[in-house]
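Have a look at coords19.csv; it's CSV, C-alpha atoms and all ligand atoms:
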chain,number,residue,atom,x,y,z
Y,167,MET,CA,104.6,77.2,118.6
Y,168,TYR,CA,102.7,79.4,116.2
Y,169,VAL,CA,101.1,82.5,117.7
Y,170,THR,CA,97.9,83.6,116.0
Y,171,ALA,CA,96.8,86.4,118.3
Y,172,LEU,CA,97.9,88.4,121.3
Y,173,ASP,CA,96.0,89.4,124.4
Y,174,ARG,CA,96.3,93.1,123.3
Y,175,PRO,CA,96.1,95.0,120.0
Y,176,TRP,CA,98.9,94.2,117.6
Y,177,LEU,CA,99.6,97.9,117.4
Y,178,GLU,CA,100.9,97.8,121.0
Y,179,SER,CA,103.4,95.1,120.1
Y,180,PRO,CA,106.4,94.7,117.9
Y,181,PHE,CA,104.9,91.6,116.2
Y,182,PRO,CA,103.2,91.3,112.8
Y,183,PHE,CA,99.5,90.9,112.9
Y,184,GLN,CA,99.3,87.9,110.6
Y,185,GLY,CA,100.6,85.6,113.2
Y,186,PHE,CA,104.2,84.2,113.5
Y,187,PRO,CA,106.1,81.2,114.6
Y,188,VAL,CA,108.1,81.5,117.9
Y,189,ASP,CA,111.2,79.4,117.5
Y,190,ALA,CA,114.0,81.5,119.2
Y,191,GLN,CA,114.6,82.3,122.9
Y,192,GLU,CA,114.9,85.9,122.0
Y,193,GLN,CA,111.4,86.0,120.5
Y,194,LEU,CA,110.0,84.2,123.5
Y,195,ALA,CA,111.6,86.8,125.9
Y,196,THR,CA,110.1,89.7,123.9
Y,197,LEU,CA,106.7,87.9,123.9
Y,198,LYS,CA,106.9,87.4,127.7
Y,199,LYS,CA,107.7,91.1,128.1
Y,200,THR,CA,104.8,92.1,125.9
Y,201,CYS,CA,101.9,89.8,126.7
Y,202,GLU,CA,100.4,88.0,129.6
Y,203,TYR,CA,99.0,85.3,127.3
Y,204,VAL,CA,98.8,84.5,123.7
Y,205,TYR,CA,96.6,82.4,121.3
Y,206,ILE,CA,98.3,79.6,119.4
Y,207,ASP,CA,97.5,77.4,116.5
Y,208,GLU,CA,98.2,73.8,117.5
Y,209,GLU,CA,98.1,72.6,113.9
Y,210,ARG,CA,100.9,74.9,112.9
Y,211,GLY,CA,103.1,74.2,115.9
Y,212,ALA,CA,102.5,72.9,119.4
Y,213,ALA,CA,103.8,73.9,122.8
Y,214,SER,CA,102.9,73.4,126.4
Y,215,PRO,CA,102.2,76.5,128.4
Y,216,SER,CA,105.5,76.1,130.3
Y,217,GLU,CA,107.4,76.1,127.0
Y,218,SER,CA,105.5,79.2,125.8
Y,219,GLY,CA,106.6,81.2,128.8
Y,220,GLY,CA,103.4,83.2,128.8
Y,221,LYS,CA,100.1,81.6,129.5
Y,222,THR,CA,98.3,80.1,126.6
Y,223,ALA,CA,94.6,81.2,126.9
Y,224,SER,CA,93.1,79.0,124.2
Y,225,THR,CA,93.7,77.9,120.7
Y,226,ARG,CA,91.8,79.2,117.7
Y,227,ASN,CA,92.2,79.5,114.0
Y,228,ARG,CA,91.7,83.0,112.9
Y,229,ASP,CA,91.1,83.4,109.2
Y,230,ARG,CA,94.0,85.3,108.1
Y,231,PRO,CA,93.0,87.5,105.1
Y,232,ILE,CA,96.3,87.2,103.2
Y,233,THR,CA,99.5,85.4,103.2
Y,234,LEU,CA,102.1,87.8,104.5
Y,235,THR,CA,105.7,87.6,105.1
Y,236,MET,CA,107.6,88.7,108.2
Y,237,GLU,CA,109.7,91.1,106.1
Y,238,ARG,CA,108.8,94.7,106.5
Y,239,THR,CA,109.4,97.6,104.2
Y,240,ASP,CA,112.0,99.8,105.8
Y,241,LEU,CA,110.5,103.3,106.2
Y,242,THR,CA,113.2,104.3,108.6
Y,243,GLY,CA,116.1,104.6,106.2
Y,244,LEU,CA,116.4,108.4,106.4
Y,245,GLY,CA,119.2,108.5,108.9
Y,246,TRP,CA,121.8,106.4,107.2
Y,247,ARG,CA,120.7,107.1,103.7
Y,248,GLY,CA,121.2,110.7,104.2
Y,249,ARG,CA,119.1,113.6,103.2
Y,250,ASP,CA,120.5,114.0,99.7
Y,251,VAL,CA,119.5,110.5,98.8
Y,252,PHE,CA,116.1,111.2,100.3
Y,253,ARG,CA,115.7,114.3,98.1
Y,254,HIS,CA,116.9,112.4,95.1
Y,255,ASP,CA,114.3,109.7,95.7
Y,256,MET,CA,111.6,112.3,96.2
Y,257,ARG,CA,112.5,113.9,92.9
Y,258,LYS,CA,112.1,110.5,91.2
Y,259,VAL,CA,108.8,109.9,92.9
Y,260,LEU,CA,107.7,113.4,91.9
Y,261,ALA,CA,108.7,112.9,88.3
Y,262,SER,CA,106.9,109.6,88.1
Y,263,ARG,CA,103.9,111.1,89.9
Y,264,GLY,CA,103.9,114.0,87.5
Y,265,LYS,CA,103.7,111.7,84.4
Y,266,LEU,CA,101.0,109.7,86.0
Y,267,HIS,CA,99.1,112.9,86.9
Y,268,ARG,CA,99.1,114.1,83.3
Y,269,HIS,CA,98.0,110.6,82.1
Y,270,VAL,CA,95.1,110.3,84.6
Y,271,GLN,CA,93.9,113.8,83.7
Y,272,ARG,CA,93.8,112.7,80.0
Y,273,LEU,CA,92.2,109.3,80.9
Y,274,LEU,CA,89.5,110.8,83.0
Y,275,SER,CA,88.7,113.4,80.4
Y,276,ASP,CA,88.6,110.7,77.7
Y,277,VAL,CA,86.1,108.7,79.8
Y,278,ARG,CA,84.0,111.8,80.5
Y,279,PHE,CA,83.7,112.5,76.8
Y,280,GLY,CA,82.8,108.9,76.0
Y,281,ARG,CA,86.2,107.9,74.6
Y,282,SER,CA,87.9,104.6,75.7
Y,283,ALA,CA,90.3,104.6,78.6
Y,284,ASP,CA,94.0,104.0,77.7
Y,285,THR,CA,94.7,101.5,80.6
Y,286,ARG,CA,97.8,100.2,78.8
Y,287,GLU,CA,99.6,103.4,79.6
Y,288,SER,CA,98.1,103.4,83.1
Y,289,ARG,CA,99.7,100.1,83.7
Y,290,ILE,CA,103.2,101.1,82.3
Y,291,LEU,CA,103.2,104.3,84.4
Y,292,THR,CA,101.9,102.6,87.5
Y,293,LEU,CA,104.7,100.0,87.3
Y,294,GLU,CA,107.2,102.9,87.2
Y,295,LEU,CA,105.6,104.4,90.2
Y,296,ILE,CA,105.8,101.1,92.1
Y,297,ASP,CA,109.5,101.0,91.3
Y,298,VAL,CA,110.3,104.4,92.7
Y,299,ALA,CA,107.9,103.9,95.7
Y,300,MET,CA,109.7,100.6,96.5
Y,301,ALA,CA,113.0,102.4,96.5
Y,302,ASN,CA,111.8,104.8,99.2
Y,303,PRO,CA,108.3,104.4,100.5
Y,304,ALA,CA,108.7,107.3,103.0
Y,305,ALA,CA,109.5,109.7,100.1
Y,306,ALA,CA,106.4,108.4,98.2
Y,307,LEU,CA,104.2,108.8,101.2
Y,308,TRP,CA,105.4,112.3,101.9
Y,309,LEU,CA,104.4,113.3,98.4
Y,310,THR,CA,100.8,112.4,99.1
Y,311,ASN,CA,100.7,115.6,101.0
Y,312,LEU,CA,101.1,117.9,98.0
Y,313,GLU,CA,98.4,120.5,97.9
Y,314,THR,CA,96.2,120.4,94.8
Y,315,LYS,CA,94.1,123.5,94.2
Y,316,HIS,CA,92.4,121.9,91.2
Y,317,ASP,CA,91.9,118.4,90.0
Y,318,PHE,CA,90.9,116.9,93.3
Y,319,THR,CA,89.8,113.7,91.6
Y,320,VAL,CA,93.1,113.3,89.8
Y,321,ALA,CA,95.2,114.0,93.0
Y,322,HIS,CA,93.0,111.6,94.9
Y,323,CYS,CA,93.5,108.8,92.4
Y,324,LEU,CA,97.3,109.3,92.6
Y,325,ASN,CA,97.3,109.5,96.4
Y,326,VAL,CA,95.2,106.4,96.8
Y,327,CYS,CA,97.5,104.6,94.4
Y,328,ILE,CA,100.6,105.6,96.3
Y,329,LEU,CA,99.1,104.7,99.7
Y,330,SER,CA,97.9,101.3,98.4
Y,331,ILE,CA,101.3,100.5,97.0
Y,332,VAL,CA,103.1,101.4,100.2
Y,333,PHE,CA,100.5,99.5,102.3
Y,334,GLY,CA,100.9,96.5,99.9
Y,335,LEU,CA,104.7,96.6,100.3
Y,336,HIS,CA,104.3,96.8,104.1
Y,337,LEU,CA,102.1,93.7,104.0
Y,338,GLY,CA,104.7,91.8,102.0
Y,339,LEU,CA,102.3,91.2,99.1
Y,340,SER,CA,103.7,89.7,95.8
Y,341,SER,CA,104.7,92.1,93.0
Y,342,ASP,CA,101.7,90.9,90.9
Y,343,SER,CA,99.3,91.6,93.8
Y,344,ILE,CA,100.9,95.1,94.2
Y,345,THR,CA,100.5,95.8,90.5
Y,346,ASP,CA,96.8,94.9,90.7
Y,347,LEU,CA,96.4,96.9,93.8
Y,348,ALA,CA,98.1,100.0,92.3
Y,349,LEU,CA,96.1,99.9,89.0
Y,350,GLY,CA,92.8,99.2,90.8
Y,351,ALA,CA,93.5,102.1,93.2
Y,352,LEU,CA,94.5,104.4,90.3
Y,353,LEU,CA,91.2,103.6,88.5
Y,354,HIS,CA,89.0,103.1,91.5
Y,355,ASP,CA,86.9,106.3,90.9
Y,356,VAL,CA,86.8,106.2,87.1
Y,357,GLY,CA,83.0,105.8,87.3
Y,358,LYS,CA,82.8,109.3,88.7
Y,359,MET,CA,83.3,110.5,85.2
Y,360,ARG,CA,79.7,109.5,84.6
Y,361,THR,CA,78.6,111.5,87.7
Y,362,PRO,CA,77.5,115.1,86.9
Y,363,VAL,CA,80.1,117.7,87.9
Y,364,SER,CA,77.5,119.7,89.7
Y,365,ILE,CA,77.2,116.7,92.1
Y,366,LEU,CA,80.9,115.9,92.3
Y,367,ASP,CA,81.9,119.5,93.1
Y,368,LYS,CA,78.9,120.4,95.2
Y,369,PRO,CA,80.3,122.2,98.3
Y,370,GLY,CA,77.4,121.4,100.6
Y,371,LEU,CA,75.6,118.2,101.7
Y,372,LEU,CA,74.2,116.1,98.9
Y,373,THR,CA,70.4,115.5,98.8
Y,374,GLU,CA,69.2,112.0,98.9
Y,375,ASP,CA,68.6,111.9,95.1
Y,376,GLU,CA,72.1,113.3,94.5
Y,377,PHE,CA,73.6,110.8,96.8
Y,378,ASP,CA,71.9,108.0,95.0
Y,379,ILE,CA,73.4,109.2,91.7
Y,380,MET,CA,76.9,109.4,93.4
Y,381,ARG,CA,76.5,105.8,94.6
Y,382,LYS,CA,76.4,104.6,91.1
Y,383,HIS,CA,80.1,105.3,90.4
Y,384,PRO,CA,81.5,101.9,91.4
Y,385,VAL,CA,79.2,100.0,89.0
Y,386,ASP,CA,79.7,102.7,86.3
Y,387,GLY,CA,83.5,102.2,86.7
Y,388,PHE,CA,83.1,98.5,86.5
Y,389,ASN,CA,81.1,98.8,83.2
Y,390,ILE,CA,83.6,101.2,81.7
Y,391,LEU,CA,86.5,98.8,82.3
Y,392,ARG,CA,85.0,95.3,82.3
Y,393,LYS,CA,85.7,94.6,78.6
Y,394,ASP,CA,89.3,95.9,78.8
Y,395,LYS,CA,91.6,92.9,78.7
Y,396,GLY,CA,94.4,94.8,80.4
Y,397,VAL,CA,92.3,95.2,83.5
Y,398,SER,CA,92.5,92.1,85.8
Y,399,GLU,CA,89.7,90.6,87.8
Y,400,LYS,CA,91.2,92.0,91.0
Y,401,CYS,CA,91.4,95.5,89.6
Y,402,LEU,CA,87.7,95.3,88.6
Y,403,GLU,CA,86.8,94.1,92.1
Y,404,ILE,CA,88.6,97.1,93.5
Y,405,VAL,CA,86.7,99.5,91.2
Y,406,GLN,CA,83.3,97.9,91.8
Y,407,LEU,CA,83.5,97.1,95.6
Y,408,HIS,CA,85.6,99.9,97.1
Y,409,HIS,CA,82.6,101.3,99.0
Y,410,GLU,CA,81.5,98.0,100.5
Y,411,ARG,CA,82.0,97.8,104.2
Y,412,ILE,CA,82.3,94.6,106.4
Y,413,SER,CA,79.2,95.4,108.4
Y,414,GLY,CA,77.1,95.2,105.2
Y,415,GLN,CA,76.3,98.9,105.2
Y,416,GLY,CA,78.4,99.7,102.2
Y,417,TYR,CA,77.3,99.9,98.5
Y,418,PRO,CA,76.5,98.8,95.8
Y,419,PHE,CA,75.7,95.3,97.1
Y,420,GLY,CA,75.9,95.5,100.9
Y,421,LEU,CA,78.5,92.7,101.0
Y,422,LYS,CA,79.8,91.5,104.4
Y,423,ASN,CA,83.0,90.4,106.0
Y,424,ASP,CA,85.0,88.0,103.8
Y,425,GLU,CA,82.7,88.7,100.9
Y,426,ILE,CA,84.9,91.8,100.5
Y,427,PRO,CA,88.3,90.7,99.3
Y,428,VAL,CA,91.3,92.0,101.2
Y,429,HIS,CA,92.8,93.9,98.2
Y,430,VAL,CA,89.5,95.8,98.0
Y,431,ARG,CA,89.7,96.6,101.7
Y,432,ILE,CA,93.3,97.8,101.4
Y,433,VAL,CA,92.2,100.3,98.7
Y,434,ALA,CA,89.1,101.3,100.8
Y,435,ILE,CA,91.3,102.2,103.7
Y,436,ALA,CA,93.6,104.3,101.5
Y,437,ASP,CA,90.6,105.9,99.8
Y,438,VAL,CA,89.0,107.0,103.1
Y,439,TYR,CA,92.3,108.1,104.6
Y,440,ASP,CA,93.1,110.3,101.7
Y,441,ASP,CA,89.6,111.7,101.4
Y,442,ILE,CA,89.5,112.7,105.1
Y,443,THR,CA,93.0,114.2,105.2
Y,444,SER,CA,92.9,116.2,102.0
Y,445,ASN,CA,91.1,119.5,101.4
Y,446,ARG,CA,88.0,119.1,99.3
Y,447,VAL,CA,85.4,121.5,98.1
Y,448,TYR,CA,83.1,120.0,100.7
Y,449,HIS,CA,85.5,119.9,103.6
Y,450,GLU,CA,88.8,121.0,105.0
Y,451,GLY,CA,91.4,118.2,105.4
Y,452,ILE,CA,91.8,116.8,108.9
Y,453,PRO,CA,95.3,116.1,110.3
Y,454,PRO,CA,96.4,112.5,109.6
Y,455,HIS,CA,96.8,111.6,113.2
Y,456,THR,CA,93.2,112.5,114.0
Y,457,CYS,CA,92.0,110.7,110.9
Y,458,LEU,CA,93.7,107.5,112.0
Y,459,ASN,CA,92.0,107.7,115.4
Y,460,MET,CA,88.6,108.1,113.7
Y,461,MET,CA,89.3,105.3,111.2
Y,462,PHE,CA,90.5,103.0,114.0
Y,463,HIS,CA,87.1,103.4,115.7
Y,464,TRP,CA,85.3,102.7,112.5
Y,465,ALA,CA,87.4,99.7,111.6
Y,466,PRO,CA,85.3,96.9,113.2
Y,467,ARG,CA,82.4,98.2,111.2
Y,468,ASP,CA,84.2,99.2,108.0
Y,469,PHE,CA,87.5,97.5,107.1
Y,470,GLY,CA,88.4,95.0,109.9
Y,471,GLU,CA,90.5,95.8,112.9
Y,472,ASP,CA,93.6,93.8,112.0
Y,473,LEU,CA,94.0,95.4,108.6
Y,474,MET,CA,93.4,98.9,110.0
Y,475,GLN,CA,96.0,98.3,112.7
Y,476,GLU,CA,98.5,97.2,110.0
Y,477,PHE,CA,97.7,100.4,108.1
Y,478,ILE,CA,98.5,102.5,111.2
Y,479,ARG,CA,101.8,100.5,111.6
Y,480,CYS,CA,102.5,101.2,108.0
Y,481,VAL,CA,102.0,105.0,107.9
Y,482,GLY,CA,103.0,105.5,111.6
Y,483,ILE,CA,101.2,106.6,114.7
Y,484,TYR,CA,102.4,110.0,113.6
Y,485,PRO,CA,101.9,109.6,109.9
Y,486,ILE,CA,104.6,110.9,107.5
Y,487,GLY,CA,103.8,114.5,106.7
Y,488,SER,CA,102.2,115.2,110.1
Y,489,LEU,CA,103.1,118.6,111.7
Y,490,VAL,CA,104.2,118.2,115.3
Y,491,GLU,CA,105.2,120.4,118.2
Y,492,LEU,CA,108.2,119.1,120.1
Y,493,ASN,CA,108.9,119.5,123.9
Y,494,SER,CA,111.4,122.2,122.9
Y,495,ASN,CA,108.4,124.1,121.3
Y,496,ALA,CA,110.0,123.8,117.9
Y,497,LEU,CA,107.7,122.7,115.0
Y,498,GLY,CA,108.6,119.8,112.7
Y,499,ILE,CA,107.3,117.5,110.0
Y,500,VAL,CA,107.3,113.7,110.6
Y,501,MET,CA,109.5,112.1,107.9
Y,502,SER,CA,109.5,108.5,108.8
Y,503,ALA,CA,107.4,105.7,110.4
Y,504,ASN,CA,109.9,104.0,112.7
Y,505,PRO,CA,108.5,100.5,113.6
Y,506,ALA,CA,111.2,100.0,116.2
Y,507,SER,CA,110.2,103.2,118.0
Y,508,ARG,CA,106.8,104.3,116.9
Y,509,LEU,CA,106.5,107.3,119.1
Y,510,ARG,CA,109.9,108.6,118.1
Y,511,PRO,CA,110.1,109.1,114.3
Y,512,ILE,CA,112.6,111.2,112.3
Y,513,VAL,CA,111.4,114.8,112.2
Y,514,MET,CA,112.4,117.7,109.9
Y,515,LEU,CA,112.4,120.9,111.9
Y,516,ILE,CA,110.8,123.8,110.1
Y,517,ARG,CA,110.4,126.5,112.9
Y,518,ASP,CA,112.5,127.0,116.0
Y,519,ALA,CA,111.1,127.5,119.5
Y,520,GLU,CA,110.6,131.3,118.8
Y,521,GLY,CA,108.6,130.5,115.7
Y,522,LYS,CA,111.5,131.5,113.3
Y,523,PRO,CA,111.6,129.4,110.1
Y,524,TYR,CA,114.8,127.4,109.5
Y,525,ASP,CA,116.5,128.1,106.2
Y,526,ARG,CA,118.1,124.7,106.0
Y,527,ARG,CA,115.5,122.5,107.6
Y,528,PRO,CA,117.5,120.1,109.9
Y,529,LEU,CA,116.5,116.4,110.4
Y,530,ILE,CA,116.5,115.0,113.9
Y,531,ASN,CA,115.9,111.4,115.0
Y,532,LEU,CA,113.7,111.5,118.1
Y,533,ALA,CA,114.9,108.0,119.0
Y,534,THR,CA,118.5,109.1,119.4
Y,535,PRO,CA,119.6,108.9,123.1
Y,536,SER,CA,120.8,112.1,124.8
Y,537,ALA,CA,124.5,112.9,124.9
Y,538,LYS,CA,124.8,111.2,128.3
Y,539,GLY,CA,123.2,108.0,126.8
Y,540,GLY,CA,119.9,108.6,128.7
Y,541,GLU,CA,116.4,109.3,127.5
Y,542,PRO,CA,116.2,111.0,124.1
Y,543,LYS,CA,116.3,114.8,124.4
Y,544,TRP,CA,113.4,115.6,122.1
Y,545,ALA,CA,109.9,114.2,122.0
Y,546,ILE,CA,106.6,114.9,120.3
Y,547,LYS,CA,104.4,117.1,122.6
Y,548,ARG,CA,101.4,117.2,120.3
Y,549,VAL,CA,100.2,117.0,116.7
Y,550,VAL,CA,99.2,120.4,115.4
Y,551,ASP,CA,97.0,121.4,112.5
Y,552,SER,CA,99.1,123.2,109.8
Y,553,LYS,CA,96.2,125.7,109.4
Y,554,GLU,CA,96.8,126.8,113.0
Y,555,TYR,CA,100.2,128.1,112.0
Y,556,ASP,CA,99.4,128.9,108.4
Y,557,ILE,CA,102.0,126.4,107.2
Y,558,ASP,CA,101.7,125.1,103.6
Y,559,LEU,CA,103.0,121.5,104.0
Y,560,GLY,CA,102.5,120.7,100.3
Y,561,ARG,CA,104.8,123.7,99.4
Y,562,ILE,CA,107.5,122.5,101.8
Y,563,ALA,CA,107.3,119.0,100.2
Y,564,GLU,CA,107.7,120.6,96.8
Y,565,MET,CA,110.7,122.7,97.9
Y,566,GLU,CA,112.4,119.7,99.5
Y,567,ALA,CA,112.0,117.8,96.3
Y,568,GLY,CA,113.4,120.7,94.4
Y,569,ALA,CA,110.2,121.2,92.4
N,1,FE,FE,84.7,106.0,95.2
Show me the file's structure as structure tokens.
Ligand SMILES: [Fe+2]
Amino acid sequence: MYVTALDRPWLESPFPFQGFPVDAQEQLATLKKTCEYVYIDEERGAASPSESGGKTASTRNRDRPITLTMERTDLTGLGWRGRDVFRHDMRKVLASRGKLHRHVQRLLSDVRFGRSADTRESRILTLELIDVAMANPAAALWLTNLETKHDFTVAHCLNVCILSIVFGLHLGLSSDSITDLALGALLHDVGKMRTPVSILDKPGLLTEDEFDIMRKHPVDGFNILRKDKGVSEKCLEIVQLHHERISGQGYPFGLKNDEIPVHVRIVAIADVYDDITSNRVYHEGIPPHTCLNMMFHWAPRDFGEDLMQEFIRCVGIYPIGSLVELNSNALGIVMSANPASRLRPIVMLIRDAEGKPYDRRPLINLATPSAKGGEPKWAIKRVVDSKEYDIDLGRIAEMEAGA
């Protein structure tokens, strides 16, 4: 049988949200343990309720937004790959990110001063970033936490690009789709170079008139890039539509539901996530875990629940880079999203129970059973705000990468 939906959020299950065929006893057993009933698609595979094990509530065809594979990007590789390999990968991401940073700075300044945008180089450098992010998505995600005192817009473009690449990999998209996604994400706010700096950097709330000006940036971005042959249709859609929301309350066109392509919604999620979690002139960044909770509640209105649930599965319930307090009272940084054990990621300890910083920050896998083979010894007690402890997470990321 082909399962199209569960009786509970996908997040609470080990299954992929796009639906999946059940053709092995093992899968059936896991399904029975997880759900009371499931929804199946009779056209793609039929089964009687007795064969399905669980109760079949009804059949329905849910429009799946994208063709996905069952394969998942492995974000858990820290343990066996070893820390040195992880650091090596981080340095590679950092070097690639650095090149892209300098390029985006130049590109945005060119656009601001009316010169043409060199999107050919954007494409070359973006492909390089995709390569290093594919080699170690966890390292790439961690480097979205680098603190940027200046150049908020540049750092935001890079972070949205990395988040979109990792999310695209997680969804099993084709390499062409990921290239479009990455380039579109990198250029998504290029239209802001037509927005006056006094509005972009205004610390307080925007007036209605200022907000109207700000809302022009998706169309301005589209107009800047539309004649550029190196920018695909999908990239242009991302630039023009990334503030559209499925309720129709977005801008510039108030599109609804399927009128907003999935690649646009992927970047929209990455955009909002980075905007809320990063420090800006107009707000202090909110911890990633809190941000995901907020976005999860907005999802039915803004991005679609299924896609948002997949994003949470991708970055982890405790997203990479989150600061957490363990039951031992030690403080650590989440270093992996472990799909097999979502509440027990790999954590890098930074302060011991007495608050003393570790010189060599050890890694522990919270899923490792205790010495006697029982429940794991350590667990996350709570997510804490780095400001509460005056910890500079960006600096720690830089030190770990040897920057
Ligand atoms: Fe934007």
**Prompt:** Please, which residues have at least one atom within 12 Å of an atom of ligand FE 1 (chain N), using only C-alpha atoms and all ligand atoms, listed as an NGL selection string?
**Reply:** :Y and (319 or 322-323 or 326 or 350-359 or 361 or 366 or 380-388 or 404-410 or 416-418 or 430 or 433-438 or 440-441)
**Prompt:** Could you state the separation of atom CA of Val500 of chain Y and atom CA of Glu520 of chain Y in Å, given to one decimal place?
**Reply:** 19.7 Å
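The smallest atom-to-atom distance between Met501 of chain Y and any of Y:Ala306, Y:Met474, Y:Phe462, Y:Asp367, using all atoms listed in the file, is found for Y:Ala306.
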**Message:** Given the point (86.1, 87.9, 99.0) in the file's coordinates, find the residues that have an atom at most 12 Å from it, counting all atoms listed in the file, and give them as number ranges by chain.
**Reply:** Y: 231-232, 400, 403-404, 407, 410-412, 421-431
**Message:** One number please: atom CA of Pro362 of chain Y to atom CA of Leu312 of chain Y, in Å, one decimal.
**Reply:**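 Pair atom CA of Pro362 of chain Y / atom CA of Leu312 of chain Y returns 26.2 Å.
Between atom CA of Glu376 of chain Y and atom CA of Tyr439 of chain Y lies a distance of 23.2 Å.
Proximity of Y:Val332, Y:Ile530, Y:Gln415, Y:Ile557 to Ile478 of chain Y, computed with all atoms listed in the file, is greatest for Y:Val332.
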What lies within 12 Å of Ser494 of chain Y using all atoms listed in the file, ignoring chain neighbours under 3 positions off, as a PDB file with C-alpha atoms, in the coordinates of the input?
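What ended up in out_22.pdb:
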ATOM      1  CA  VAL Y 490     104.200 118.200 115.300  1.00  0.00           C
ATOM      2  CA  GLU Y 491     105.200 120.400 118.200  1.00  0.00           C
ATOM      3  CA  LEU Y 497     107.700 122.700 115.000  1.00  0.00           C
ATOM      4  CA  GLY Y 498     108.600 119.800 112.700  1.00  0.00           C
ATOM      5  CA  LEU Y 515     112.400 120.900 111.900  1.00  0.00           C
ATOM      6  CA  ARG Y 517     110.400 126.500 112.900  1.00  0.00           C
ATOM      7  CA  ASP Y 518     112.500 127.000 116.000  1.00  0.00           C
ATOM      8  CA  ALA Y 519     111.100 127.500 119.500  1.00  0.00           C
ATOM      9  CA  GLU Y 520     110.600 131.300 118.800  1.00  0.00           C
ATOM     10  CA  GLY Y 521     108.600 130.500 115.700  1.00  0.00           C
ATOM     11  CA  LEU Y 532     113.700 111.500 118.100  1.00  0.00           C
ATOM     12  CA  LYS Y 543     116.300 114.800 124.400  1.00  0.00           C
ATOM     13  CA  TRP Y 544     113.400 115.600 122.100  1.00  0.00           C
ATOM     14  CA  ALA Y 545     109.900 114.200 122.000  1.00  0.00           C
ATOM     15  CA  ILE Y 546     106.600 114.900 120.300  1.00  0.00           C
ATOM     16  CA  LYS Y 547     104.400 117.100 122.600  1.00  0.00           C
ATOM     17  CA  ARG Y 548     101.400 117.200 120.300  1.00  0.00           C
TER      18      ARG Y 548
END
**Message:** Using only C-alpha atoms and a cutoff of 12 Å, can you tell me which residues are near (102.9, 117.6, 91.4) in the file's coordinates, and write them out as JSON, numbers by chain?
**Reply:** {"Y": [256, 257, 258, 259, 260, 261, 262, 263, 264, 265, 266, 267, 268, 306, 309, 310, 311, 312, 313, 314, 315, 316, 317, 320, 321, 324, 325, 560, 561, 563, 564, 565, 567, 568, 569]}
Missing atoms in segment 529-541 of chain Y need filling: write out N, CA and C atoms for it as a short mmCIF file (atom, residue, chain, number, x, y, z; two decimals), keeping the file's coordinate frame.
data_model
loop_
_atom_site.label_atom_id
_atom_site.label_comp_id
_atom_site.auth_asym_id
_atom_site.auth_seq_id
_atom_site.Cartn_x
_atom_site.Cartn_y
_atom_site.Cartn_z
N LEU Y 529 117.22 117.68 110.05
CA LEU Y 529 116.50 116.40 110.40
C LEU Y 529 117.01 115.98 111.77
N ILE Y 530 116.09 115.58 112.64
CA ILE Y 530 116.50 115.00 113.90
C ILE Y 530 115.80 113.66 114.12
N ASN Y 531 116.52 112.73 114.70
CA ASN Y 531 115.90 111.40 115.00
C ASN Y 531 115.52 111.44 116.47
N LEU Y 532 114.22 111.41 116.72
CA LEU Y 532 113.70 111.50 118.10
C LEU Y 532 114.10 110.31 118.95
N ALA Y 533 114.55 109.23 118.29
CA ALA Y 533 114.90 108.00 119.00
C ALA Y 533 116.38 108.06 119.51
N THR Y 534 117.14 109.07 119.06
CA THR Y 534 118.50 109.10 119.40
C THR Y 534 118.68 109.45 120.93
N PRO Y 535 119.43 108.62 121.66
CA PRO Y 535 119.60 108.90 123.10
C PRO Y 535 120.29 110.22 123.33
N SER Y 536 120.11 110.83 124.49
CA SER Y 536 120.80 112.10 124.80
C SER Y 536 122.29 111.88 124.86
N ALA Y 537 123.05 112.99 124.91
CA ALA Y 537 124.50 112.90 124.90
C ALA Y 537 125.04 112.00 126.00
N LYS Y 538 124.34 111.99 127.13
CA LYS Y 538 124.80 111.20 128.30
C LYS Y 538 124.28 109.71 128.15
N GLY Y 539 123.66 109.42 127.04
CA GLY Y 539 123.20 108.00 126.80
C GLY Y 539 121.84 107.77 127.49
N GLY Y 540 121.19 108.79 128.00
CA GLY Y 540 119.90 108.60 128.70
C GLY Y 540 118.74 108.73 127.71
N GLU Y 541 117.57 109.06 128.28
CA GLU Y 541 116.40 109.30 127.50
C GLU Y 541 116.62 110.26 126.35
#
